[in-house]
Amino acid sequence: MEAIVYEEFGGAEVLRHATGVAVPVPGPGEVRVRVAAVGLNPVDWKRRRGWVEEFYPTTFPAVPGLEFAGTVDALGEGVTDLAVGDEVLGWTKTGAYAEYAIAGIVARKPAGLSWEAAASLPVAGETAQRVLDLLGVEPGETLFLHGAAGVVGSVAVQLAVAAGVTVVGSASESNHAYLRELGAIPVTYGDGLADRVGAAAPEGIDAVFDAAGHGVLPVAVALLGGEGTADKARIVTIAATDAAEHGIAFSGVSGDPEDVRRGLAAQARLAAEGALAVRLADTLPLKEAARAQEASESGHVRGKLVLLP
C-alpha cells in the first residue's frame, strides 16, 4: 500500500512517500479501514521531531497520523458491532497517513457528514471535551480559552457556549469576527493580555483552557487570583510542556475508550446537523504530507489540513 513513513526524528525532510508498504492485518477485536481522509494535527510533527515521546512513544519505521475517516475493509476475530462497508471515523493504531489502517476507537460516520469533516473531528472533539470536563466548567461560569481560533480551541468554544458557559477567547485580530460567530468574546494575544481579558470579563474568570502555549500560564494564574491564591486545578493546558513547573495539569492522553467513542458519535451527529463545525483550511494529496506538516508547523494555517490518500 501507499504510506508516509519516517525512520528517524527530524524535520519534514525525514518523511518519505513509500509504496509497497505491507497492508496491516486486523487482530482480535480490531478492524481494518480503507482510509478516505486524514486529519493533520500539530502532534503529528511534534512526534516526528521526538518532542512528545513521554505521551506517544515511537517505534521506527513509523507512519504518522492519529485520526481518519474511511470504510471498514476487514474484520478481526470477534468483531460483531461493525461490518465490512461501514463508514467510520476515529483513531488508528498503525498511523493514518496510509491507504489502510488498523482502527482503534471508531464511531459510525453519519451519511450527511463529508469525509473531510469527519476526519477533522476525532482529535479536536475529544481533546476539547476532555479538557472542559477536567476543568469542570458549568453553566453561568466564564472560561478564558487561549488559542480559541485554532482547531481544538474553536471546537471547545462551540461546546462550551452550547453548555451555557461564557467564553473569552484569545486570537489574532483577523480571527475576531470568526470567534464572535462561534459565540465567544475575542481578545488579542500579546502584552497586556491579562488586562484585556479582565476588561472582557469584569466579573472574573472561573477557569482557563490553554490551547496555544506561548508562555500564557503565568497569565492564567494571575487571572484566577495570583500565585498562592489561584485554584490551579481550574487551569489545564494541552500546549505548554513546562506545565509541571507551574503546578498546572498538562492533558495529553485520552480517557475511557467507551466514553470517548460515545462522545465522538455524539459530536459526529452534531457536525452532520450543522451544530458543530471545524474550519477546513486545505486538502492535499497524501504524498504532499511533508509540505502539509511544514505549513502546520509554521503556525500560519487557519483551520484544519486534511490529507487524501
# chains A, B, ... in the order shown; residues from 1 in each chain; ligands from 1

call {"tool": "residues_around", "arguments": {"residues": "stretch 12-21 of chain A", "least_positions_apart": "4", "cutoff": "10 Å", "atoms": "only C-alpha atoms", "output": "ChimeraX atom specification"}}
result
/A:1-8,45,48-49,62-64,97-99,286-294,297

call {"tool": "residues_around", "arguments": {"residues": "A:Phe68", "least_positions_apart": "3", "cutoff": "8 Å", "atoms": "only C-alpha atoms", "output": "PyMOL selection string"}}
result
chain A and resi 35-39+89-92+96+118-120+122

call {"tool": "write_last_selection", "arguments": {"atoms": "all heavy atoms", "output": "PDB file, in the first residue's frame"}}
result
ATOM      1  N   VAL A  35      -8.637   4.096   4.213  1.00  0.00           N
ATOM      2  CA  VAL A  35      -8.667   5.492   4.619  1.00  0.00           C
ATOM      3  C   VAL A  35      -9.154   6.380   3.470  1.00  0.00           C
ATOM      4  O   VAL A  35      -8.637   6.307   2.353  1.00  0.00           O
ATOM      5  CB  VAL A  35      -7.273   5.946   5.101  1.00  0.00           C
ATOM      6  CG1 VAL A  35      -7.294   7.414   5.484  1.00  0.00           C
ATOM      7  CG2 VAL A  35      -6.822   5.087   6.290  1.00  0.00           C
ATOM      8  N   ALA A  36     -10.129   7.232   3.766  1.00  0.00           N
ATOM      9  CA  ALA A  36     -10.629   8.185   2.782  1.00  0.00           C
ATOM     10  C   ALA A  36     -10.089   9.590   3.014  1.00  0.00           C
ATOM     11  O   ALA A  36      -9.947  10.372   2.075  1.00  0.00           O
ATOM     12  CB  ALA A  36     -12.162   8.217   2.814  1.00  0.00           C
ATOM     13  N   ALA A  37      -9.806   9.924   4.270  1.00  0.00           N
ATOM     14  CA  ALA A  37      -9.282  11.250   4.600  1.00  0.00           C
ATOM     15  C   ALA A  37      -8.543  11.165   5.926  1.00  0.00           C
ATOM     16  O   ALA A  37      -8.901  10.365   6.803  1.00  0.00           O
ATOM     17  CB  ALA A  37     -10.411  12.272   4.684  1.00  0.00           C
ATOM     18  N   VAL A  38      -7.515  11.991   6.064  1.00  0.00           N
ATOM     19  CA  VAL A  38      -6.667  12.009   7.260  1.00  0.00           C
ATOM     20  C   VAL A  38      -6.647  13.417   7.828  1.00  0.00           C
ATOM     21  O   VAL A  38      -6.371  14.381   7.098  1.00  0.00           O
ATOM     22  CB  VAL A  38      -5.216  11.595   6.928  1.00  0.00           C
ATOM     23  CG1 VAL A  38      -4.356  11.606   8.182  1.00  0.00           C
ATOM     24  CG2 VAL A  38      -5.177  10.248   6.249  1.00  0.00           C
ATOM     25  N   GLY A  39      -6.903  13.564   9.115  1.00  0.00           N
ATOM     26  CA  GLY A  39      -6.774  14.856   9.762  1.00  0.00           C
ATOM     27  C   GLY A  39      -5.348  15.066  10.237  1.00  0.00           C
ATOM     28  O   GLY A  39      -4.779  14.218  10.924  1.00  0.00           O
ATOM     29  N   LEU A  89     -15.330   7.002  11.513  1.00  0.00           N
ATOM     30  CA  LEU A  89     -14.285   7.977  11.805  1.00  0.00           C
ATOM     31  C   LEU A  89     -13.711   7.636  13.165  1.00  0.00           C
ATOM     32  O   LEU A  89     -14.379   7.020  13.988  1.00  0.00           O
ATOM     33  CB  LEU A  89     -14.827   9.401  11.798  1.00  0.00           C
ATOM     34  CG  LEU A  89     -15.845   9.808  12.874  1.00  0.00           C
ATOM     35  CD1 LEU A  89     -15.798  11.312  13.100  1.00  0.00           C
ATOM     36  CD2 LEU A  89     -17.256   9.391  12.472  1.00  0.00           C
ATOM     37  N   GLY A  90     -12.461   8.013  13.375  1.00  0.00           N
ATOM     38  CA  GLY A  90     -11.871   7.711  14.674  1.00  0.00           C
ATOM     39  C   GLY A  90     -10.365   7.774  14.652  1.00  0.00           C
ATOM     40  O   GLY A  90      -9.756   8.527  13.890  1.00  0.00           O
ATOM     41  N   TRP A  91      -9.760   6.942  15.506  1.00  0.00           N
ATOM     42  CA  TRP A  91      -8.309   6.940  15.703  1.00  0.00           C
ATOM     43  C   TRP A  91      -7.725   5.626  15.193  1.00  0.00           C
ATOM     44  O   TRP A  91      -8.382   4.580  15.213  1.00  0.00           O
ATOM     45  CB  TRP A  91      -7.974   7.063  17.187  1.00  0.00           C
ATOM     46  CG  TRP A  91      -8.299   8.399  17.767  1.00  0.00           C
ATOM     47  CD1 TRP A  91      -7.454   9.448  17.949  1.00  0.00           C
ATOM     48  CD2 TRP A  91      -9.576   8.829  18.268  1.00  0.00           C
ATOM     49  NE1 TRP A  91      -8.129  10.503  18.522  1.00  0.00           N
ATOM     50  CE2 TRP A  91      -9.427  10.154  18.718  1.00  0.00           C
ATOM     51  CE3 TRP A  91     -10.828   8.227  18.354  1.00  0.00           C
ATOM     52  CZ2 TRP A  91     -10.477  10.888  19.261  1.00  0.00           C
ATOM     53  CZ3 TRP A  91     -11.890   8.952  18.887  1.00  0.00           C
ATOM     54  CH2 TRP A  91     -11.706  10.267  19.340  1.00  0.00           C
ATOM     55  N   THR A  92      -6.480   5.682  14.775  1.00  0.00           N
ATOM     56  CA  THR A  92      -5.825   4.483  14.281  1.00  0.00           C
ATOM     57  C   THR A  92      -4.708   4.039  15.210  1.00  0.00           C
ATOM     58  O   THR A  92      -4.073   4.854  15.882  1.00  0.00           O
ATOM     59  CB  THR A  92      -5.245   4.711  12.880  1.00  0.00           C
ATOM     60  OG1 THR A  92      -4.452   3.580  12.508  1.00  0.00           O
ATOM     61  CG2 THR A  92      -4.350   5.933  12.834  1.00  0.00           C
ATOM     62  N   ALA A  96      -2.289   6.989  10.372  1.00  0.00           N
ATOM     63  CA  ALA A  96      -3.361   7.314   9.430  1.00  0.00           C
ATOM     64  C   ALA A  96      -2.866   7.762   8.072  1.00  0.00           C
ATOM     65  O   ALA A  96      -3.651   7.790   7.118  1.00  0.00           O
ATOM     66  CB  ALA A  96      -4.259   8.398  10.024  1.00  0.00           C
ATOM     67  N   ALA A 118     -15.404  14.659   8.647  1.00  0.00           N
ATOM     68  CA  ALA A 118     -15.317  13.540   9.584  1.00  0.00           C
ATOM     69  C   ALA A 118     -13.889  13.335  10.071  1.00  0.00           C
ATOM     70  O   ALA A 118     -13.657  13.094  11.268  1.00  0.00           O
ATOM     71  CB  ALA A 118     -15.838  12.266   8.915  1.00  0.00           C
ATOM     72  N   ALA A 119     -12.920  13.443   9.169  1.00  0.00           N
ATOM     73  CA  ALA A 119     -11.518  13.240   9.548  1.00  0.00           C
ATOM     74  C   ALA A 119     -10.976  14.374  10.399  1.00  0.00           C
ATOM     75  O   ALA A 119      -9.943  14.224  11.053  1.00  0.00           O
ATOM     76  CB  ALA A 119     -10.666  13.088   8.290  1.00  0.00           C
ATOM     77  N   SER A 120     -11.657  15.511  10.412  1.00  0.00           N
ATOM     78  CA  SER A 120     -11.214  16.672  11.187  1.00  0.00           C
ATOM     79  C   SER A 120     -11.678  16.648  12.628  1.00  0.00           C
ATOM     80  O   SER A 120     -11.222  17.445  13.440  1.00  0.00           O
ATOM     81  CB  SER A 120     -11.743  17.957  10.530  1.00  0.00           C
ATOM     82  OG  SER A 120     -11.297  18.098   9.207  1.00  0.00           O
ATOM     83  N   PRO A 122     -12.174  13.811  15.212  1.00  0.00           N
ATOM     84  CA  PRO A 122     -11.851  12.989  16.397  1.00  0.00           C
ATOM     85  C   PRO A 122     -10.916  13.638  17.400  1.00  0.00           C
ATOM     86  O   PRO A 122     -11.242  13.706  18.602  1.00  0.00           O
ATOM     87  CB  PRO A 122     -11.234  11.726  15.775  1.00  0.00           C
ATOM     88  CG  PRO A 122     -11.884  11.621  14.432  1.00  0.00           C
ATOM     89  CD  PRO A 122     -12.015  13.038  13.963  1.00  0.00           C
TER      90      PRO A 122
END

call {"tool": "residues_around", "arguments": {"residues": "A:Val187", "least_positions_apart": "6", "cutoff": "7 Å", "atoms": "only C-alpha atoms", "output": "PyMOL selection string"}}
result
chain A and resi 169-171+196-197

call {"tool": "residues_around", "arguments": {"residues": "stretch 203-220 of chain A", "least_positions_apart": "2", "cutoff": "7 Å", "atoms": "only C-alpha atoms", "output": "ChimeraX atom specification"}}
result
/A:135,141-147,153,194,198,201,222-224,234-240

call {"tool": "atom_distance", "arguments": {"atom1": "atom CA of A:Leu40", "atom2": "atom CA of A:Thr188"}}
result
25.9 Å

call {"tool": "closest_residue", "arguments": {"among": "A:Val25, A:Gly95, A:Arg262, A:Gly76", "to": "A:Thr59", "atoms": "only C-alpha atoms"}}
result
A:Gly95

call {"tool": "closest_residue", "arguments": {"among": "A:Gly164, A:Gly303, A:Gly104, A:Gly70", "to": "A:Pro28", "atoms": "only C-alpha atoms"}}
result
A:Gly104

call {"tool": "select_by_dssp", "arguments": {"residues": "stretch 187-297 of chain A", "states": "strand (DSSP E or B)", "output": "list in words"}}
result
Val187, Thr188, Ala207, Val208, Phe209, Asp210, Ile235, Val236, Thr237, Ala249, Phe250, Leu280, Ala281, Asp282, Thr283, Leu284 and Pro285 of chain A

call {"tool": "select_by_dssp", "arguments": {"residues": "stretch 38-268 of chain A", "states": "alpha helix (DSSP H)", "output": "ChimeraX atom specification"}}
result
/A:42-48,115-119,122-135,151-162,176-182,193-200,217-223,257-268

call {"tool": "residues_around", "arguments": {"residues": "A:Pro285", "least_positions_apart": "3", "cutoff": "7 Å", "atoms": "only C-alpha atoms", "output": "mmCIF file with N, CA and C atoms, in the first residue's frame"}}
result
data_model
loop_
_atom_site.group_PDB
_atom_site.id
_atom_site.type_symbol
_atom_site.label_atom_id
_atom_site.label_comp_id
_atom_site.auth_asym_id
_atom_site.auth_seq_id
_atom_site.Cartn_x
_atom_site.Cartn_y
_atom_site.Cartn_z
ATOM 1 N N GLU A 288 1.924 14.734 -0.416
ATOM 2 C CA GLU A 288 2.404 16.063 -0.041
ATOM 3 C C GLU A 288 2.356 16.275 1.472
ATOM 4 N N LEU A 307 -5.436 15.394 4.577
ATOM 5 C CA LEU A 307 -4.726 14.665 3.536
ATOM 6 C C LEU A 307 -5.650 13.628 2.945
ATOM 7 N N LEU A 308 -5.557 13.444 1.618
ATOM 8 C CA LEU A 308 -6.397 12.494 0.906
ATOM 9 C C LEU A 308 -5.539 11.435 0.232
ATOM 10 N N PRO A 309 -5.590 10.169 0.710
ATOM 11 C CA PRO A 309 -4.813 9.094 0.070
ATOM 12 C C PRO A 309 -5.264 8.858 -1.371
#

call {"tool": "closest_atom_pairs", "arguments": {"of": "stretch 142-195 of chain A", "to": "stretch 276-284 of chain A", "cutoff": "9 Å", "atoms": "only C-alpha atoms", "output": "JSON lines"}}
result
{"residue": "A:Gly150", "atom": "CA", "partner": "A:Arg279", "partner_atom": "CA", "distance": 8.9}
{"residue": "A:Val151", "atom": "CA", "partner": "A:Val278", "partner_atom": "CA", "distance": 6.5}
{"residue": "A:Val152", "atom": "CA", "partner": "A:Val278", "partner_atom": "CA", "distance": 8.7}
{"residue": "A:Ser154", "atom": "CA", "partner": "A:Val278", "partner_atom": "CA", "distance": 7.3}
{"residue": "A:Val155", "atom": "CA", "partner": "A:Val278", "partner_atom": "CA", "distance": 6.8}
{"residue": "A:Gln158", "atom": "CA", "partner": "A:Leu276", "partner_atom": "CA", "distance": 6.8}
{"residue": "A:Leu159", "atom": "CA", "partner": "A:Leu276", "partner_atom": "CA", "distance": 8.0}

call {"tool": "write_last_selection", "arguments": {"atoms": "N, CA, C and O atoms", "output": "compact mmCIF listing (two decimals), in the first residue's frame"}}
result
# COMPACT_ATOMS: atom_id res chain seq x y z
N GLY A 150 -7.97 28.29 16.97
CA GLY A 150 -7.37 27.08 16.44
C GLY A 150 -8.41 25.98 16.33
O GLY A 150 -9.57 26.15 16.74
N VAL A 151 -8.01 24.84 15.79
CA VAL A 151 -8.97 23.76 15.56
C VAL A 151 -9.55 23.25 16.87
O VAL A 151 -10.77 23.17 17.04
N VAL A 152 -8.69 22.91 17.84
CA VAL A 152 -9.20 22.44 19.14
C VAL A 152 -9.94 23.57 19.85
O VAL A 152 -11.03 23.38 20.39
N SER A 154 -11.51 26.20 18.67
CA SER A 154 -12.81 26.56 18.10
C SER A 154 -13.88 25.52 18.43
O SER A 154 -15.05 25.87 18.64
N VAL A 155 -13.50 24.24 18.47
CA VAL A 155 -14.46 23.22 18.88
C VAL A 155 -14.81 23.40 20.35
O VAL A 155 -15.99 23.31 20.74
N GLN A 158 -17.37 26.15 20.83
CA GLN A 158 -18.72 25.74 20.47
C GLN A 158 -19.34 24.85 21.54
O GLN A 158 -20.52 25.02 21.90
N LEU A 159 -18.56 23.90 22.06
CA LEU A 159 -19.09 23.01 23.09
C LEU A 159 -19.39 23.77 24.38
O LEU A 159 -20.41 23.53 25.03

call {"tool": "residues_around", "arguments": {"residues": "A:Glu138", "least_positions_apart": "6", "cutoff": "10 Å", "atoms": "only C-alpha atoms", "output": "list in words"}}
result
Leu132, Ala160, Ala163, Gly164, Val165, Thr166 and Asp206 of chain A
